[in-house]
$ cat coords.csv   # CSV, C-alpha atoms and all ligand atoms
chain,number,residue,atom,x,y,z
A,1,MET,CA,-34.1,-71.1,82.2
A,2,THR,CA,-33.5,-68.6,79.4
A,3,ILE,CA,-30.9,-69.5,76.9
A,4,THR,CA,-28.5,-66.7,75.9
A,5,THR,CA,-28.9,-65.4,72.4
A,6,ASP,CA,-27.5,-61.9,72.9
A,7,TRP,CA,-24.1,-62.5,74.4
A,8,SER,CA,-23.5,-58.8,75.1
A,9,GLN,CA,-26.2,-59.1,77.8
A,10,ARG,CA,-23.8,-61.3,79.7
A,11,ILE,CA,-21.1,-58.7,79.9
A,12,ASN,CA,-20.5,-56.8,83.1
A,13,PRO,CA,-22.5,-53.5,82.6
A,14,THR,CA,-19.6,-51.3,83.7
A,15,VAL,CA,-17.4,-52.8,81.0
A,16,GLN,CA,-20.2,-52.8,78.5
A,17,ALA,CA,-20.8,-49.0,79.1
A,18,MET,CA,-17.1,-48.2,78.8
A,19,PRO,CA,-16.2,-46.5,75.5
A,20,PRO,CA,-13.0,-47.9,73.8
A,21,SER,CA,-10.0,-45.6,74.2
A,22,GLY,CA,-10.3,-42.6,71.8
A,23,ILE,CA,-6.6,-43.2,70.9
A,24,ARG,CA,-7.2,-46.8,69.8
A,25,ARG,CA,-10.2,-45.9,67.7
A,26,PHE,CA,-8.3,-43.2,65.9
A,27,PHE,CA,-5.3,-45.5,65.3
A,28,ASP,CA,-7.5,-48.1,63.6
A,29,LEU,CA,-8.0,-45.4,61.0
A,30,VAL,CA,-4.3,-44.7,60.8
A,31,ALA,CA,-3.6,-48.3,60.2
A,32,GLU,CA,-5.7,-48.1,57.0
A,33,THR,CA,-3.8,-45.1,55.6
A,34,LYS,CA,-0.5,-45.3,53.6
A,35,GLY,CA,2.6,-43.1,54.1
A,36,VAL,CA,1.5,-41.8,57.5
A,37,ILE,CA,3.8,-39.9,59.8
A,38,SER,CA,2.6,-40.7,63.2
A,39,LEU,CA,2.9,-38.1,66.0
A,40,GLY,CA,0.3,-40.0,68.0
A,41,ILE,CA,2.2,-42.8,69.8
A,42,GLY,CA,3.0,-42.2,73.4
A,43,GLU,CA,6.3,-44.1,73.5
A,44,PRO,CA,9.9,-43.4,72.9
A,45,ASP,CA,11.2,-43.7,69.4
A,46,PHE,CA,14.5,-45.0,70.8
A,47,VAL,CA,15.2,-48.7,71.1
A,48,THR,CA,16.2,-49.8,74.7
A,49,PRO,CA,19.9,-49.0,75.1
A,50,TRP,CA,22.1,-51.9,74.1
A,51,HIS,CA,23.7,-52.6,77.4
A,52,ILE,CA,20.3,-53.1,79.0
A,53,ARG,CA,19.2,-55.5,76.3
A,54,GLU,CA,22.6,-57.3,76.7
A,55,ALA,CA,22.2,-57.7,80.4
A,56,CYS,CA,18.8,-59.4,79.8
A,57,ILE,CA,20.3,-61.7,77.2
A,58,TYR,CA,23.1,-62.6,79.6
A,59,SER,CA,20.6,-63.3,82.3
A,60,LEU,CA,18.7,-65.7,80.0
A,61,GLU,CA,22.0,-67.4,79.1
A,62,LYS,CA,22.5,-68.0,82.9
A,63,GLY,CA,19.0,-69.5,83.1
A,64,TYR,CA,17.0,-66.8,84.8
A,65,THR,CA,13.7,-67.9,83.4
A,66,MET,CA,11.7,-68.7,86.5
A,67,TYR,CA,9.1,-66.7,88.5
A,68,THR,CA,10.6,-64.1,90.9
A,69,SER,CA,9.1,-63.5,94.3
A,70,ASN,CA,5.6,-61.9,94.1
A,71,SER,CA,7.0,-58.6,95.2
A,72,GLY,CA,9.7,-58.7,92.5
A,73,LEU,CA,13.5,-59.3,92.7
A,74,LEU,CA,14.8,-58.0,96.0
A,75,GLU,CA,17.9,-56.7,94.3
A,76,LEU,CA,15.7,-54.6,92.0
A,77,ARG,CA,13.6,-53.3,94.9
A,78,GLU,CA,16.8,-52.3,96.7
A,79,ALA,CA,18.1,-50.5,93.6
A,80,ILE,CA,14.7,-48.7,93.3
A,81,ALA,CA,14.7,-47.7,97.0
A,82,ALA,CA,18.3,-46.3,96.6
A,83,ASP,CA,17.3,-44.4,93.5
A,84,LEU,CA,14.3,-42.8,95.2
A,85,GLU,CA,16.4,-41.9,98.2
A,86,ASN,CA,19.2,-40.3,96.0
A,87,SER,CA,16.8,-38.5,93.7
A,88,TYR,CA,14.1,-37.3,96.1
A,89,ALA,CA,15.3,-38.0,99.7
A,90,VAL,CA,12.4,-40.4,100.3
A,91,ARG,CA,13.1,-43.7,102.0
A,92,TYR,CA,11.3,-46.9,101.4
A,93,ASP,CA,11.9,-50.3,102.9
A,94,PRO,CA,12.5,-52.5,99.9
A,95,ARG,CA,11.1,-55.5,101.7
A,96,THR,CA,7.7,-54.1,102.7
A,97,GLN,CA,7.1,-50.8,101.0
A,98,LEU,CA,7.9,-51.6,97.3
A,99,LEU,CA,6.1,-53.8,94.8
A,100,ILE,CA,7.4,-54.5,91.3
A,101,THR,CA,4.5,-54.5,88.8
A,102,VAL,CA,3.7,-55.1,85.2
A,103,GLY,CA,4.3,-51.5,84.3
A,104,VAL,CA,2.7,-48.5,85.9
A,105,SER,CA,-0.5,-49.8,84.3
A,106,GLU,CA,-0.8,-52.7,86.7
A,107,ALA,CA,0.3,-50.6,89.7
A,108,LEU,CA,-2.5,-48.1,89.0
A,109,ASP,CA,-5.1,-50.9,88.7
A,110,LEU,CA,-3.8,-52.5,92.0
A,111,CYS,CA,-4.0,-49.2,93.9
A,112,LEU,CA,-7.6,-48.6,92.8
A,113,ARG,CA,-8.8,-52.1,93.4
A,114,ALA,CA,-7.1,-52.5,96.7
A,115,LEU,CA,-8.4,-49.2,98.2
A,116,LEU,CA,-11.7,-48.2,96.6
A,117,LEU,CA,-15.1,-49.0,98.0
A,118,PRO,CA,-18.1,-48.8,95.7
A,119,GLY,CA,-19.0,-45.2,95.1
A,120,ASP,CA,-15.7,-43.7,96.4
A,121,GLU,CA,-14.8,-40.6,94.4
A,122,VAL,CA,-11.4,-40.1,92.8
A,123,LEU,CA,-10.3,-36.6,91.8
A,124,ILE,CA,-8.5,-36.6,88.4
A,125,PRO,CA,-7.1,-33.5,86.6
A,126,GLU,CA,-8.4,-33.3,83.1
A,127,PRO,CA,-7.3,-33.5,80.2
A,128,SER,CA,-6.4,-36.9,81.6
A,129,TYR,CA,-4.5,-40.0,80.6
A,130,VAL,CA,-7.0,-42.3,79.1
A,131,SER,CA,-6.8,-45.1,81.6
A,132,TYR,CA,-7.6,-43.2,84.8
A,133,GLY,CA,-11.4,-42.9,84.4
A,134,PRO,CA,-12.1,-46.5,83.1
A,135,CYS,CA,-9.7,-48.1,85.7
A,136,THR,CA,-11.5,-46.1,88.5
A,137,SER,CA,-14.9,-47.2,87.3
A,138,MET,CA,-13.8,-50.9,86.9
A,139,ALA,CA,-12.6,-50.8,90.6
A,140,GLY,CA,-16.1,-49.6,91.6
A,141,GLY,CA,-15.1,-45.9,92.1
A,142,VAL,CA,-16.4,-42.8,90.6
A,143,PRO,CA,-14.0,-40.6,88.6
A,144,VAL,CA,-14.5,-36.9,89.3
A,145,PHE,CA,-12.6,-34.8,86.7
A,146,MET,CA,-11.2,-31.4,87.4
A,147,PRO,CA,-11.0,-29.5,84.2
A,148,THR,CA,-8.0,-27.4,83.4
A,149,GLY,CA,-7.3,-25.1,80.5
A,150,MET,CA,-4.4,-23.5,78.6
A,151,ASP,CA,-4.8,-20.2,80.4
A,152,GLU,CA,-3.7,-21.8,83.7
A,153,GLY,CA,-1.0,-23.9,81.9
A,154,PHE,CA,-3.1,-27.1,82.3
A,155,ARG,CA,-2.2,-27.1,86.0
A,156,ILE,CA,-4.6,-27.8,88.9
A,157,SER,CA,-4.7,-25.5,92.0
A,158,ALA,CA,-5.2,-26.3,95.6
A,159,ASP,CA,-8.4,-24.3,95.3
A,160,LEU,CA,-9.7,-26.4,92.5
A,161,VAL,CA,-9.0,-29.6,94.5
A,162,GLU,CA,-10.7,-28.1,97.6
A,163,ARG,CA,-13.8,-27.2,95.5
A,164,SER,CA,-14.0,-30.7,94.0
A,165,ILE,CA,-14.1,-32.5,97.3
A,166,THR,CA,-17.3,-34.1,98.6
A,167,PRO,CA,-17.9,-36.4,101.6
A,168,ARG,CA,-17.3,-39.4,99.1
A,169,THR,CA,-13.9,-38.2,98.0
A,170,LYS,CA,-11.2,-40.8,98.9
A,171,MET,CA,-8.4,-40.2,96.4
A,172,LEU,CA,-6.5,-37.7,94.4
A,173,LEU,CA,-4.8,-39.0,91.3
A,174,LEU,CA,-2.0,-36.9,90.0
A,175,CYS,CA,0.1,-37.2,86.8
A,176,TYR,CA,2.9,-34.6,86.5
A,177,PRO,CA,4.6,-34.2,84.1
A,178,ASN,CA,1.3,-34.7,82.4
A,179,ASN,CA,0.1,-36.9,79.6
A,180,PRO,CA,-1.4,-35.4,77.4
A,181,THR,CA,-0.5,-31.8,78.0
A,182,GLY,CA,3.1,-31.9,79.1
A,183,ALA,CA,2.2,-29.6,82.1
A,184,VAL,CA,4.4,-29.7,85.2
A,185,MET,CA,3.4,-28.5,88.6
A,186,ASP,CA,5.5,-26.1,90.6
A,187,ARG,CA,6.5,-27.1,94.1
A,188,ALA,CA,4.7,-24.3,95.9
A,189,GLU,CA,1.3,-25.2,94.5
A,190,LEU,CA,1.9,-28.9,95.1
A,191,GLU,CA,2.7,-28.1,98.7
A,192,LYS,CA,-0.7,-26.3,99.0
A,193,ILE,CA,-2.4,-29.3,97.4
A,194,ALA,CA,-0.6,-31.6,99.9
A,195,GLU,CA,-2.1,-29.5,102.7
A,196,VAL,CA,-5.6,-30.0,101.3
A,197,ALA,CA,-4.9,-33.7,101.0
A,198,VAL,CA,-3.9,-33.9,104.6
A,199,ALA,CA,-6.8,-31.7,105.8
A,200,HIS,CA,-9.3,-34.0,104.0
A,201,ASP,CA,-7.5,-37.2,104.7
A,202,LEU,CA,-7.1,-38.1,101.0
A,203,ILE,CA,-5.0,-40.8,99.6
A,204,VAL,CA,-2.8,-39.6,96.7
A,205,ILE,CA,-1.8,-41.7,93.8
A,206,SER,CA,1.0,-40.0,92.0
A,207,ASP,CA,1.8,-41.4,88.6
A,208,GLU,CA,5.4,-40.1,88.1
A,209,ILE,CA,6.2,-42.1,84.9
A,210,TYR,CA,7.4,-38.9,83.2
A,211,GLY,CA,9.2,-37.5,86.3
A,212,ARG,CA,12.6,-37.9,84.7
A,213,LEU,CA,11.5,-36.2,81.6
A,214,THR,CA,11.2,-32.8,83.2
A,215,TYR,CA,12.9,-30.0,81.2
A,216,THR,CA,12.0,-26.8,83.2
A,217,GLY,CA,13.1,-26.8,86.8
A,218,ARG,CA,13.2,-29.9,88.9
A,219,HIS,CA,10.6,-32.6,89.3
A,220,THR,CA,8.9,-32.6,92.7
A,221,CYS,CA,8.1,-36.1,93.9
A,222,VAL,CA,4.8,-35.8,95.7
A,223,ALA,CA,5.8,-38.3,98.4
A,224,SER,CA,8.7,-36.1,99.4
A,225,LEU,CA,6.4,-33.3,100.6
A,226,PRO,CA,5.6,-32.8,104.3
A,227,GLY,CA,3.0,-35.3,105.6
A,228,MET,CA,2.7,-37.0,102.2
A,229,GLN,CA,4.8,-40.2,102.2
A,230,GLU,CA,2.3,-42.3,104.3
A,231,ARG,CA,-0.7,-41.2,102.2
A,232,THR,CA,0.9,-41.4,98.8
A,233,LEU,CA,1.3,-44.3,96.5
A,234,LEU,CA,4.1,-43.3,94.2
A,235,LEU,CA,4.0,-45.1,90.8
A,236,ASN,CA,6.8,-45.2,88.4
A,237,GLY,CA,8.5,-47.4,85.9
A,238,PHE,CA,11.0,-47.9,83.2
A,239,SER,CA,8.8,-47.5,80.0
A,240,LYS,CA,9.4,-43.9,79.2
A,241,ALA,CA,12.7,-42.7,80.8
A,242,TYR,CA,14.7,-45.8,79.7
A,243,ALA,CA,12.8,-46.5,76.5
A,244,MET,CA,11.5,-49.8,77.9
A,245,THR,CA,7.8,-49.9,77.1
A,246,GLY,CA,7.7,-53.5,75.9
A,247,TRP,CA,9.5,-54.9,78.9
A,248,ARG,CA,6.5,-54.2,81.2
A,249,VAL,CA,8.2,-53.2,84.4
A,250,GLY,CA,6.9,-50.6,86.9
A,251,TYR,CA,6.6,-50.3,90.6
A,252,ALA,CA,4.5,-48.9,93.4
A,253,ALA,CA,6.1,-47.4,96.6
A,254,GLY,CA,4.0,-46.6,99.6
A,255,ASN,CA,3.1,-47.5,103.2
A,256,SER,CA,3.4,-51.2,104.0
A,257,ASP,CA,-0.4,-51.7,104.6
A,258,PHE,CA,-1.3,-50.5,101.1
A,259,ILE,CA,1.6,-52.4,99.5
A,260,ALA,CA,0.6,-55.6,101.3
A,261,ALA,CA,-3.0,-55.3,100.1
A,262,MET,CA,-1.9,-54.6,96.5
A,263,THR,CA,0.5,-57.5,96.7
A,264,LYS,CA,-2.4,-59.9,97.5
A,265,ILE,CA,-4.2,-58.9,94.3
A,266,HIS,CA,-1.0,-59.0,92.3
A,267,GLN,CA,-0.1,-62.5,93.6
A,268,TYR,CA,-3.4,-63.9,92.5
A,269,SER,CA,-3.7,-62.1,89.2
A,270,MET,CA,-0.1,-61.7,87.9
A,271,LEU,CA,2.2,-63.7,90.2
A,272,CYS,CA,5.1,-61.5,89.3
A,273,ALA,CA,6.3,-59.0,86.7
A,274,PRO,CA,8.3,-60.7,83.9
A,275,THR,CA,11.7,-61.9,85.2
A,276,MET,CA,13.6,-60.8,82.0
A,277,GLY,CA,12.1,-57.4,82.3
A,278,GLN,CA,13.1,-57.1,85.9
A,279,MET,CA,16.7,-58.1,85.0
A,280,ALA,CA,16.8,-55.4,82.4
A,281,ALA,CA,15.3,-52.9,84.8
A,282,LEU,CA,18.1,-53.6,87.3
A,283,GLU,CA,20.7,-52.9,84.7
A,284,ALA,CA,18.9,-49.7,83.7
A,285,LEU,CA,19.2,-48.5,87.3
A,286,LYS,CA,22.8,-49.6,87.6
A,287,SER,CA,24.2,-48.0,84.5
A,288,GLY,CA,21.4,-46.6,82.3
A,289,GLN,CA,21.8,-42.9,83.4
A,290,PRO,CA,24.1,-41.7,80.6
A,291,ALA,CA,21.8,-43.2,77.9
A,292,MET,CA,18.8,-41.8,79.6
A,293,ARG,CA,20.3,-38.3,79.8
A,294,GLN,CA,21.1,-38.4,76.1
A,295,MET,CA,17.5,-39.3,75.3
A,296,ILE,CA,16.2,-36.5,77.5
A,297,GLU,CA,18.5,-34.0,75.8
A,298,ASN,CA,17.1,-35.1,72.5
A,299,TYR,CA,13.5,-34.7,73.6
A,300,ASN,CA,14.2,-31.3,75.0
A,301,ARG,CA,15.7,-30.2,71.6
A,302,ARG,CA,12.6,-31.5,69.8
A,303,ARG,CA,10.3,-29.9,72.3
A,304,SER,CA,11.5,-26.4,71.4
A,305,VAL,CA,11.3,-27.2,67.7
A,306,VAL,CA,7.8,-28.4,68.0
A,307,VAL,CA,6.5,-25.5,70.1
A,308,HIS,CA,8.0,-22.9,67.7
A,309,ALA,CA,6.7,-24.8,64.7
A,310,PHE,CA,3.1,-24.7,66.0
A,311,ARG,CA,3.3,-21.1,66.9
A,312,ASP,CA,4.9,-20.2,63.5
A,313,MET,CA,2.1,-22.0,61.6
A,314,GLY,CA,-0.5,-20.1,63.7
A,315,LEU,CA,-1.7,-22.7,66.2
A,316,PRO,CA,-1.3,-21.4,69.8
A,317,CYS,CA,0.8,-23.9,71.7
A,318,PHE,CA,1.4,-24.0,75.5
A,319,GLU,CA,5.0,-24.7,76.4
A,320,PRO,CA,5.2,-28.2,77.9
A,321,GLY,CA,7.6,-28.5,80.8
A,322,GLY,CA,7.9,-32.3,80.7
A,323,ALA,CA,6.9,-35.7,79.1
A,324,PHE,CA,7.2,-35.7,75.3
A,325,TYR,CA,3.9,-34.2,74.3
A,326,ALA,CA,2.8,-30.9,72.9
A,327,PHE,CA,-0.9,-29.9,73.1
A,328,PRO,CA,-1.6,-27.2,70.4
A,329,GLN,CA,-4.9,-25.5,70.0
A,330,VAL,CA,-6.3,-26.7,66.7
A,331,SER,CA,-9.7,-25.1,67.0
A,332,VAL,CA,-8.3,-21.9,65.4
A,333,ALA,CA,-8.5,-23.8,62.1
A,334,GLY,CA,-12.3,-23.8,62.6
A,335,LEU,CA,-12.5,-27.5,63.3
A,336,SER,CA,-13.2,-29.7,66.2
A,337,SER,CA,-10.4,-31.9,67.5
A,338,GLU,CA,-11.7,-35.0,65.7
A,339,GLU,CA,-12.4,-33.1,62.5
A,340,PHE,CA,-8.9,-31.7,62.6
A,341,ALA,CA,-7.3,-35.1,63.2
A,342,GLU,CA,-9.4,-36.9,60.6
A,343,GLN,CA,-9.0,-34.3,57.9
A,344,LEU,CA,-5.3,-33.9,58.5
A,345,LEU,CA,-4.8,-37.7,58.3
A,346,LYS,CA,-6.9,-37.9,55.1
A,347,GLU,CA,-5.4,-34.9,53.3
A,348,GLU,CA,-1.8,-34.9,54.5
A,349,GLN,CA,-1.2,-38.3,56.1
A,350,VAL,CA,-0.1,-36.9,59.5
A,351,ALA,CA,-1.6,-38.6,62.6
A,352,LEU,CA,-2.1,-37.0,65.9
A,353,VAL,CA,-4.5,-37.7,68.7
A,354,PRO,CA,-7.7,-35.6,69.0
A,355,GLY,CA,-7.6,-33.8,72.4
A,356,ASN,CA,-11.1,-34.8,73.3
A,357,ALA,CA,-9.8,-38.4,73.7
A,358,PHE,CA,-8.5,-37.1,77.0
A,359,GLY,CA,-11.9,-35.6,78.2
A,360,PRO,CA,-14.1,-32.7,77.3
A,361,SER,CA,-11.5,-30.1,78.4
A,362,GLY,CA,-9.2,-31.5,75.7
A,363,GLU,CA,-11.7,-30.5,73.0
A,364,GLY,CA,-10.2,-27.9,70.6
A,365,PHE,CA,-6.7,-29.3,71.1
A,366,ALA,CA,-4.6,-32.2,69.8
A,367,ARG,CA,-1.9,-34.3,71.4
A,368,VAL,CA,1.4,-34.4,69.4
A,369,SER,CA,4.1,-36.7,70.5
A,370,TYR,CA,7.7,-35.5,69.9
A,371,ALA,CA,9.1,-38.9,70.6
A,372,THR,CA,9.6,-38.8,66.9
A,373,SER,CA,12.8,-38.1,64.8
A,374,LEU,CA,13.5,-34.5,63.8
A,375,GLU,CA,13.3,-35.5,60.1
A,376,ASP,CA,9.8,-36.9,60.6
A,377,LEU,CA,8.8,-33.9,62.7
A,378,SER,CA,10.0,-31.4,60.0
A,379,GLU,CA,8.1,-33.2,57.2
A,380,ALA,CA,5.0,-33.5,59.4
A,381,PHE,CA,5.2,-29.7,60.1
A,382,ARG,CA,5.5,-28.9,56.3
A,383,ARG,CA,2.4,-31.0,55.7
A,384,MET,CA,0.5,-29.5,58.7
A,385,THR,CA,1.4,-25.9,57.6
A,386,ARG,CA,-0.1,-26.6,54.2
A,387,PHE,CA,-3.2,-28.0,55.9
A,388,VAL,CA,-3.9,-25.1,58.2
A,389,ARG,CA,-3.0,-22.5,55.4
A,390,ARG,CA,-5.8,-24.0,53.4
A,391,ARG,CA,-8.1,-23.3,56.3
A,392,GLY,CA,-7.0,-19.7,56.5
A,393,VAL,CA,-4.8,-19.9,59.6
A,394,ARG,CA,-1.9,-17.5,59.5
A,395,ALA,CA,1.2,-17.2,61.7
A,396,CYS,CA,0.3,-16.5,65.3
A,397,LEU,CA,2.0,-13.5,66.9
A,398,ILE,CA,0.5,-14.0,70.4
A,399,SER,CA,2.4,-16.6,72.4
A,400,ALA,CA,0.5,-18.9,74.7
A,401,PRO,CA,1.3,-18.9,78.5
A,402,ALA,CA,4.3,-21.0,79.4
A,501,LIG,N1,0.8,-43.6,83.0
A,501,LIG,C1,0.9,-42.6,82.0
A,501,LIG,C2,0.6,-41.2,82.4
A,501,LIG,C3,1.2,-43.0,80.7
A,501,LIG,O1,1.3,-42.1,79.8
A,501,LIG,C4,1.4,-44.4,80.5
A,501,LIG,C5,1.7,-44.8,79.1
A,501,LIG,O2,1.5,-44.1,78.1
A,501,LIG,C6,1.3,-45.3,81.5
A,501,LIG,C7,1.0,-44.9,82.8
A,501,LIG,C8,1.6,-46.8,81.3
A,501,LIG,O3,2.9,-47.1,81.7
A,501,LIG,P1,3.5,-48.5,81.7
A,501,LIG,O4,4.1,-48.8,80.3
A,501,LIG,O5,4.6,-48.5,82.8
A,501,LIG,O6,2.4,-49.5,82.0
$ encode --input "coords.csv" --output "C-alpha cells"
Amino acid sequence: MTITTDWSQRINPTVQAMPPSGIRRFFDLVAETKGVISLGIGEPDFVTPWHIREACIYSLEKGYTMYTSNSGLLELREAIAADLENSYAVRYDPRTQLLITVGVSEALDLCLRALLLPGDEVLIPEPSYVSYGPCTSMAGGVPVFMPTGMDEGFRISADLVERSITPRTKMLLLCYPNNPTGAVMDRAELEKIAEVAVAHDLIVISDEIYGRLTYTGRHTCVASLPGMQERTLLLNGFSKAYAMTGWRVGYAAGNSDFIAAMTKIHQYSMLCAPTMGQMAALEALKSGQPAMRQMIENYNRRRSVVVHAFRDMGLPCFEPGGAFYAFPQVSVAGLSSEEFAEQLLKEEQVALVPGNAFGPSGEGFARVSYATSLEDLSEAFRRMTRFVRRRGVRACLISAPA
C-alpha cells in the first residue's frame, strides 16, 4: 500500500481542476488595501427591514428553534405559492411542487444533482454568474456557454440556443435579470426560446433571483410561458429583493417529480433551511412589499446615475434593465479587465470585479454593483474619472445600445 504524502492527489479531480471564483481572488486583494470603496459586492447595502428582523426575534422568543419539515414551513410554501400566482399567474401546489432551500444557491445545486447524468450538457448564457459552470461540473454535467456581447444587449436569442444544442443537451439555465450584466429579456424572444426548449425537450432552470429588481418593463417569469411550467424549475429567494442575503432562504418550484427528487438530496444533505430564516421570509411575503418597493426605487435612481457617470467619463456602458449591476466597457482605457481592476484598486482604491471572472465574453468589461450609497458612488466616480483621464480616455459621445 502507498502512503499518501501529496494530499492534493486525494482530492476529487473535478474539484481539483476547478479554479477558485475570480471574484473571491480579487477580493482577497481588496482586503489588503486601505480606504477602499467597494463596488464589487453582489448584495444589497440595505439592512433587512426592521419588521422582518422583529418577526424573527419574536419567533425565537416563542421558541421556534427546531427543524421544520424537510420541504420547509408549509405556511411559507403557501405564501410563496400565493405570491407566484398573484405575480405571474402560475399555480404551484405548496405540498408537492415547492421546496424551501438554503438560498437559490442550494436550489441550483439540487436541480443539477437531481437531474444530470454524466456528460449531459447544460446551456448557459455568458457572461455568467460564477456558480453555474462549477456547479454543473460538480454534478457531472458539461457547461456549454453561449457568449453574448454588448451589441445584442447581452441577451441570448432563440437562434443562439438552437445553434448550441447537441444530442447531449439536457438543460438550459437562464438568469434574467442577469448577473453580471443587468440584461433583461423581452417576452417575445423568451417565447421563441420556450418554443425551442419544447421542440428539443429541454429542461429549463430559471434563476429569477433578480426578477423583482426589473426597472424597464415587466419581468417575464419563464414558467408562465406556454408549455413551460412542467419543464421549468423556477428558482427564487429572498436575498436580493428583501435584502436578506444572510438569512439563507430560497426556493425551487416545479413539477412534483423533480421537486421530490430534489427533496431527497436536500433531506440527506441539509435537512431543512434555517427555521429563523423561514420565519423571517414569511414576514417578508406578508408585509415586506412597501420596504422592497423603496429599495427598488433607490436602485433605479442609482442605476441612472451610474450609467451616465460611465458614459460621461468615456466608458461605453450598456443600460442595465434589472438587478443592481452595470457592466461598462473598460478596454477603451487600453487595459484588460484584470489590469483595469488591479490598477484602479492600487491607484485610486476603488474595487470592481473584472469582467473575465464571468467568462471569456466578459473580457474588456467590469462588473460594478450599484447596491452602494450615492455618496460612495459619487466619490468612486471622481476617482475613476481621474484614473481613466490618466490613460487618455475622454468623454464618450456615442451611447451604447439599451
Ligand atoms: N443566483 C444569482 C444570479 C446570484 O447573483 C446569486 C448571488 O449573488 C445567487 C443566485 C445566490 O443567491 P442566494 O443568496 O439565494 O443563495
$ residues_near_point --input "coords.csv" --point "(-1.7, -32.9, 75.9)" --cutoff "7 Å" --atoms "all atoms listed in the file" --output "list in words"
Asn179, Pro180, Thr181, Gly182, Tyr325, Ala326, Phe327, Gly355, Ala366 and Arg367 of chain A
$ atom_distance --input "coords.csv" --atom1 "atom CA of Ala357 of chain A" --atom2 "atom CA of Ala341 of chain A"
11.3 Å
$ residues_around --input "coords.csv" --residues "Val196 of chain A" --least-positions-apart "5" --cutoff "8 Å" --atoms "only C-alpha atoms" --output "VMD selection string"
chain A and resid 158 161 to 162
$ residues_near_ligand --input "coords.csv" --ligand "ligand LIG 501 (chain A)" --cutoff "10 Å" --atoms "only C-alpha atoms and all ligand atoms" --output "JSON, numbers by chain"
{"A": [41, 42, 43, 44, 101, 102, 103, 104, 105, 106, 107, 108, 128, 129, 130, 131, 132, 174, 175, 176, 177, 178, 179, 180, 206, 207, 208, 209, 210, 235, 236, 237, 238, 239, 240, 243, 244, 245, 246, 247, 248, 249, 250, 251, 323, 324, 325]}
$ atom_distance --input "coords.csv" --atom1 "atom CA of Gly40 of chain A" --atom2 "atom CA of Met185 of chain A"
23.8 Å
$ atom_distance --input "coords.csv" --atom1 "atom CA of Gly72 of chain A" --atom2 "atom CA of Ala55 of chain A"
17.4 Å
$ residues_near_point --input "coords.csv" --point "(-1.0, -42.6, 106.7)" --cutoff "9 Å" --atoms "only C-alpha atoms" --output "PyMOL selection string"
chain A and resi 201+203+227-232+255
$ closest_residue --input "coords.csv" --among "A:Val36, A:Ile11, A:Met150, A:Met295" --to "Lys346 of chain A" --atoms "all atoms listed in the file"
A:Val36
$ residues_around --input "coords.csv" --residues "segment 283-286 of chain A" --least-positions-apart "2" --cutoff "9 Å" --atoms "all atoms listed in the file" --output "JSON, numbers by chain"
{"A": [49, 51, 52, 53, 55, 56, 76, 79, 80, 83, 238, 242, 278, 279, 280, 281, 288, 289, 292]}
$ residues_around --input "coords.csv" --residues "Cys111 of chain A" --least-positions-apart "2" --cutoff "8 Å" --atoms "all atoms listed in the file" --output "PyMOL selection string"
chain A and resi 107-109+113-115+205+233+258+262
$ closest_residue --input "coords.csv" --among "A:Ala31, A:Met313, A:Ala291, A:Val350" --to "Phe46 of chain A" --atoms "only C-alpha atoms"
A:Ala291
$ closest_residue --input "coords.csv" --among "A:Leu344, A:Met66, A:Ile124, A:Met270" --to "Pro147 of chain A" --atoms "all atoms listed in the file"
A:Ile124
$ closest_residue --input "coords.csv" --among "A:Ser287, A:Glu319, A:Gln349, A:Ser38" --to "Thr372 of chain A" --atoms "all atoms listed in the file"
A:Ser38
$ build_atoms --input "coords.csv" --residues "segment 254-262 of chain A" --atoms "N, CA, C and O atoms" --output "mmCIF file, in the frame of the given file"
data_model
loop_
_atom_site.group_PDB
_atom_site.id
_atom_site.type_symbol
_atom_site.label_atom_id
_atom_site.label_comp_id
_atom_site.auth_asym_id
_atom_site.auth_seq_id
_atom_site.Cartn_x
_atom_site.Cartn_y
_atom_site.Cartn_z
ATOM 1 N N GLY A 254 4.934 -47.240 98.722
ATOM 2 C CA GLY A 254 4.000 -46.600 99.600
ATOM 3 C C GLY A 254 4.014 -47.269 100.988
ATOM 4 O O GLY A 254 4.900 -48.104 101.261
ATOM 5 N N ASN A 255 3.045 -46.922 101.827
ATOM 6 C CA ASN A 255 3.100 -47.500 103.200
ATOM 7 C C ASN A 255 2.840 -49.012 103.118
ATOM 8 O O ASN A 255 2.216 -49.526 102.183
ATOM 9 N N SER A 256 3.358 -49.723 104.104
ATOM 10 C CA SER A 256 3.400 -51.200 104.000
ATOM 11 C C SER A 256 1.995 -51.813 104.015
ATOM 12 O O SER A 256 1.792 -52.877 103.420
ATOM 13 N N ASP A 257 1.011 -51.158 104.614
ATOM 14 C CA ASP A 257 -0.400 -51.700 104.600
ATOM 15 C C ASP A 257 -0.899 -51.706 103.165
ATOM 16 O O ASP A 257 -1.462 -52.700 102.691
ATOM 17 N N PHE A 258 -0.754 -50.577 102.493
ATOM 18 C CA PHE A 258 -1.300 -50.500 101.100
ATOM 19 C C PHE A 258 -0.517 -51.465 100.211
ATOM 20 O O PHE A 258 -1.121 -52.146 99.391
ATOM 21 N N ILE A 259 0.793 -51.510 100.376
ATOM 22 C CA ILE A 259 1.600 -52.400 99.500
ATOM 23 C C ILE A 259 1.219 -53.851 99.730
ATOM 24 O O ILE A 259 1.093 -54.637 98.781
ATOM 25 N N ALA A 260 0.995 -54.223 100.997
ATOM 26 C CA ALA A 260 0.600 -55.600 101.300
ATOM 27 C C ALA A 260 -0.726 -55.951 100.634
ATOM 28 O O ALA A 260 -0.905 -57.040 100.058
ATOM 29 N N ALA A 261 -1.672 -55.013 100.693
ATOM 30 C CA ALA A 261 -3.000 -55.300 100.100
ATOM 31 C C ALA A 261 -2.852 -55.402 98.572
ATOM 32 O O ALA A 261 -3.448 -56.298 97.952
ATOM 33 N N MET A 262 -2.064 -54.543 97.972
ATOM 34 C CA MET A 262 -1.900 -54.600 96.500
ATOM 35 C C MET A 262 -1.153 -55.898 96.120
ATOM 36 O O MET A 262 -1.447 -56.504 95.089
#
